[in-house]
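Peer 1: Shown below is the structure under consideration.
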Amino acid sequence: MGAWGVGLFSDDLACDVRDAYRELVTGGETAEAAKAEVLARHAEDLADPDEGPVVWLALAATAWQLGRLDPETKVRALELIECRAGMDRWIEEGLAAKREAVLQKLALKLSQPQRAPVKLKPKTRFFTDWAIGEAVGFQKSTGSWILLHVVAHHSHKTPGIHSVTKISD
């Protein structure tokens, strides 16, 4: 995992925590169940003195934004900010003051009343009907044909299964 800046979500791990929590809540999980699942997925990271604070801070910020911050997560995040936990990488890079400013903004936000729970729309799931090996032809306005040959299926950021095609002119 890597960080590319001082921002709270300028870190691969923080983005993973945010995305997982949002996905779980969007999928119908309660805030408590989503939190438990995220913490379980990142159990190894939580044990690391540099990565553990990133998990808790990202979880707290995301839950607060969605109106679902629980008292335990709030207290844990505020304690981590206060004791400057996980700051080594920013101290080594000479970015400690900038990171601390980001964390103080987060502490201020977490101390304010949060909004009512935000209703999240489930992501549309896409599934292909095309089988691997299948070919589909389209005639262009010029009269020539384009052939799409399904060579694989792929599932990534957008939920579902998508066809991977090789295009022949």
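The way I read the labels, and the way they are meant: chains A, B, ... in the order of the structure tokens, residue 1 as the first residue of every chain, and ligand 1 as the first ligand shown, with later ones counted on from there.
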Write out as a short mmCIF file (atom, residue, chain, number, x, y, z; two decimals) with N, CA, C and O atoms, in the first residue's frame all residues of stretch 63-158 of chain A that DSSP puts in alpha helix (DSSP H) for this structure's backbone.

Peer 2:
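Result file is part.cif:
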```cif
data_model
loop_
_atom_site.label_atom_id
_atom_site.label_comp_id
_atom_site.auth_asym_id
_atom_site.auth_seq_id
_atom_site.Cartn_x
_atom_site.Cartn_y
_atom_site.Cartn_z
N ALA A 63 -17.59 6.84 7.80
CA ALA A 63 -18.83 6.64 8.57
C ALA A 63 -19.46 7.98 8.92
O ALA A 63 -20.69 8.13 8.85
N TRP A 64 -18.65 8.96 9.31
CA TRP A 64 -19.19 10.29 9.64
C TRP A 64 -19.86 10.90 8.41
O TRP A 64 -20.96 11.44 8.50
N GLN A 65 -19.20 10.81 7.28
CA GLN A 65 -19.73 11.38 6.03
C GLN A 65 -21.07 10.76 5.67
O GLN A 65 -21.95 11.43 5.12
N PRO A 71 -19.85 5.73 18.38
CA PRO A 71 -19.01 6.35 19.41
C PRO A 71 -17.62 5.72 19.55
O PRO A 71 -16.64 6.43 19.73
N GLU A 72 -17.51 4.40 19.46
CA GLU A 72 -16.21 3.75 19.62
C GLU A 72 -15.23 4.18 18.53
O GLU A 72 -14.07 4.51 18.81
N THR A 73 -15.69 4.19 17.29
CA THR A 73 -14.83 4.58 16.18
C THR A 73 -14.43 6.05 16.30
O THR A 73 -13.28 6.41 16.05
N LYS A 74 -15.37 6.88 16.70
CA LYS A 74 -15.09 8.30 16.89
C LYS A 74 -14.00 8.51 17.94
O LYS A 74 -13.02 9.22 17.71
N VAL A 75 -14.17 7.88 19.10
CA VAL A 75 -13.19 8.02 20.19
C VAL A 75 -11.83 7.50 19.74
O VAL A 75 -10.80 8.13 19.98
N ARG A 76 -11.82 6.34 19.09
CA ARG A 76 -10.55 5.75 18.63
C ARG A 76 -9.84 6.70 17.67
O ARG A 76 -8.64 6.94 17.80
N ALA A 77 -10.57 7.26 16.71
CA ALA A 77 -9.96 8.17 15.74
C ALA A 77 -9.43 9.42 16.42
O ALA A 77 -8.31 9.87 16.13
N LEU A 78 -10.20 10.00 17.32
CA LEU A 78 -9.76 11.22 18.00
C LEU A 78 -8.53 10.95 18.87
O LEU A 78 -7.62 11.79 18.95
N GLU A 79 -8.47 9.79 19.51
CA GLU A 79 -7.29 9.41 20.30
C GLU A 79 -6.05 9.26 19.41
O GLU A 79 -4.96 9.70 19.78
N LEU A 80 -6.22 8.64 18.26
CA LEU A 80 -5.10 8.46 17.34
C LEU A 80 -4.58 9.80 16.83
O LEU A 80 -3.36 9.98 16.69
N ILE A 81 -5.49 10.72 16.56
CA ILE A 81 -5.08 12.05 16.11
C ILE A 81 -4.33 12.77 17.23
O ILE A 81 -3.26 13.36 17.01
N GLU A 82 -4.87 12.69 18.43
CA GLU A 82 -4.27 13.39 19.57
C GLU A 82 -2.86 12.87 19.88
O GLU A 82 -1.95 13.65 20.17
N ASP A 88 4.91 8.51 11.29
CA ASP A 88 6.32 8.32 10.90
C ASP A 88 6.58 8.60 9.42
O ASP A 88 7.54 9.28 9.08
N ARG A 89 5.74 8.09 8.54
CA ARG A 89 6.02 8.26 7.11
C ARG A 89 5.98 9.73 6.69
O ARG A 89 6.73 10.15 5.84
N TRP A 90 5.11 10.53 7.33
CA TRP A 90 5.04 11.95 6.98
C TRP A 90 6.16 12.74 7.66
O TRP A 90 6.63 13.71 7.09
N ILE A 91 6.58 12.30 8.82
CA ILE A 91 7.72 12.94 9.49
C ILE A 91 8.98 12.73 8.65
O ILE A 91 9.73 13.67 8.39
N GLU A 92 9.19 11.49 8.19
CA GLU A 92 10.36 11.16 7.36
C GLU A 92 10.40 11.96 6.07
O GLU A 92 11.46 12.30 5.57
N ALA A 96 5.06 16.41 8.05
CA ALA A 96 4.30 16.21 9.29
C ALA A 96 3.32 17.35 9.55
O ALA A 96 2.17 17.11 9.93
N ALA A 97 3.74 18.59 9.35
CA ALA A 97 2.86 19.74 9.63
C ALA A 97 1.63 19.71 8.72
O ALA A 97 0.51 19.98 9.18
N LYS A 98 1.83 19.38 7.45
CA LYS A 98 0.70 19.33 6.51
C LYS A 98 -0.25 18.18 6.87
O LYS A 98 -1.46 18.34 6.81
N ARG A 99 0.29 17.03 7.23
CA ARG A 99 -0.55 15.89 7.61
C ARG A 99 -1.32 16.22 8.89
O ARG A 99 -2.50 15.90 9.01
N GLU A 100 -0.65 16.86 9.84
CA GLU A 100 -1.32 17.22 11.09
C GLU A 100 -2.47 18.19 10.84
O GLU A 100 -3.51 18.11 11.49
N ALA A 101 -2.30 19.09 9.89
CA ALA A 101 -3.38 20.03 9.55
C ALA A 101 -4.59 19.26 9.01
O ALA A 101 -5.74 19.56 9.37
N VAL A 102 -4.33 18.27 8.19
CA VAL A 102 -5.41 17.43 7.65
C VAL A 102 -6.11 16.70 8.80
O VAL A 102 -7.34 16.63 8.86
N LEU A 103 -5.32 16.16 9.72
CA LEU A 103 -5.90 15.39 10.83
C LEU A 103 -6.66 16.30 11.80
O LEU A 103 -7.67 15.88 12.37
N GLN A 104 -6.21 17.53 11.98
CA GLN A 104 -6.93 18.46 12.85
C GLN A 104 -8.29 18.83 12.24
O GLN A 104 -9.28 18.97 12.95
N LYS A 105 -8.32 18.96 10.92
CA LYS A 105 -9.60 19.20 10.24
C LYS A 105 -10.55 18.02 10.45
O LYS A 105 -11.74 18.19 10.67
N LEU A 106 -9.99 16.82 10.37
CA LEU A 106 -10.79 15.62 10.59
C LEU A 106 -11.30 15.59 12.03
O LEU A 106 -12.48 15.30 12.26
N ALA A 107 -10.44 15.91 12.99
CA ALA A 107 -10.85 15.92 14.40
C ALA A 107 -11.99 16.91 14.61
O ALA A 107 -12.95 16.62 15.33
N LEU A 108 -11.89 18.07 14.00
CA LEU A 108 -12.95 19.08 14.11
C LEU A 108 -14.26 18.55 13.52
O LEU A 108 -15.33 18.68 14.12
N LYS A 109 -14.16 17.92 12.35
CA LYS A 109 -15.34 17.35 11.70
C LYS A 109 -15.99 16.27 12.57
O LYS A 109 -17.21 16.26 12.77
N LEU A 110 -15.15 15.37 13.09
CA LEU A 110 -15.68 14.27 13.90
C LEU A 110 -16.32 14.76 15.19
O LEU A 110 -17.18 14.08 15.75
N SER A 111 -15.92 15.92 15.66
CA SER A 111 -16.46 16.49 16.90
C SER A 111 -17.80 17.19 16.68
O SER A 111 -18.49 17.51 17.64
#
```

Peer 1: Find the nearest atom pair between each residue of stretch 38-125 of chain A and stretch 9-12 of chain A for residues within 10 Å, count only C-alpha atoms, give distances in Å to one decimal, sort rows by chain and ascending number, and present the table as JSON lines.

Peer 2:
```
{"residue": "A:Val54", "atom": "CA", "partner": "A:Asp11", "partner_atom": "CA", "distance": 8.4}
{"residue": "A:Leu57", "atom": "CA", "partner": "A:Phe9", "partner_atom": "CA", "distance": 9.7}
{"residue": "A:Ala58", "atom": "CA", "partner": "A:Phe9", "partner_atom": "CA", "distance": 7.3}
{"residue": "A:Ala61", "atom": "CA", "partner": "A:Phe9", "partner_atom": "CA", "distance": 9.6}
```

Peer 1: Go through chain A and collect every residue that DSSP, computed from the backbone, puts in strand (DSSP E); the answer should be as a list in words.

Peer 2: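 Those residues are Phe126, Phe127, Ala135, Val136, Gly137, Phe138, Gln139, Trp145, Ile146, Leu147, Leu148, His149, Val150, Val151, Ala152, His153, His154, Gly160, Ile161, His162, Ser163, Val164, Thr165, Lys166, Ile167 and Ser168 of chain A.
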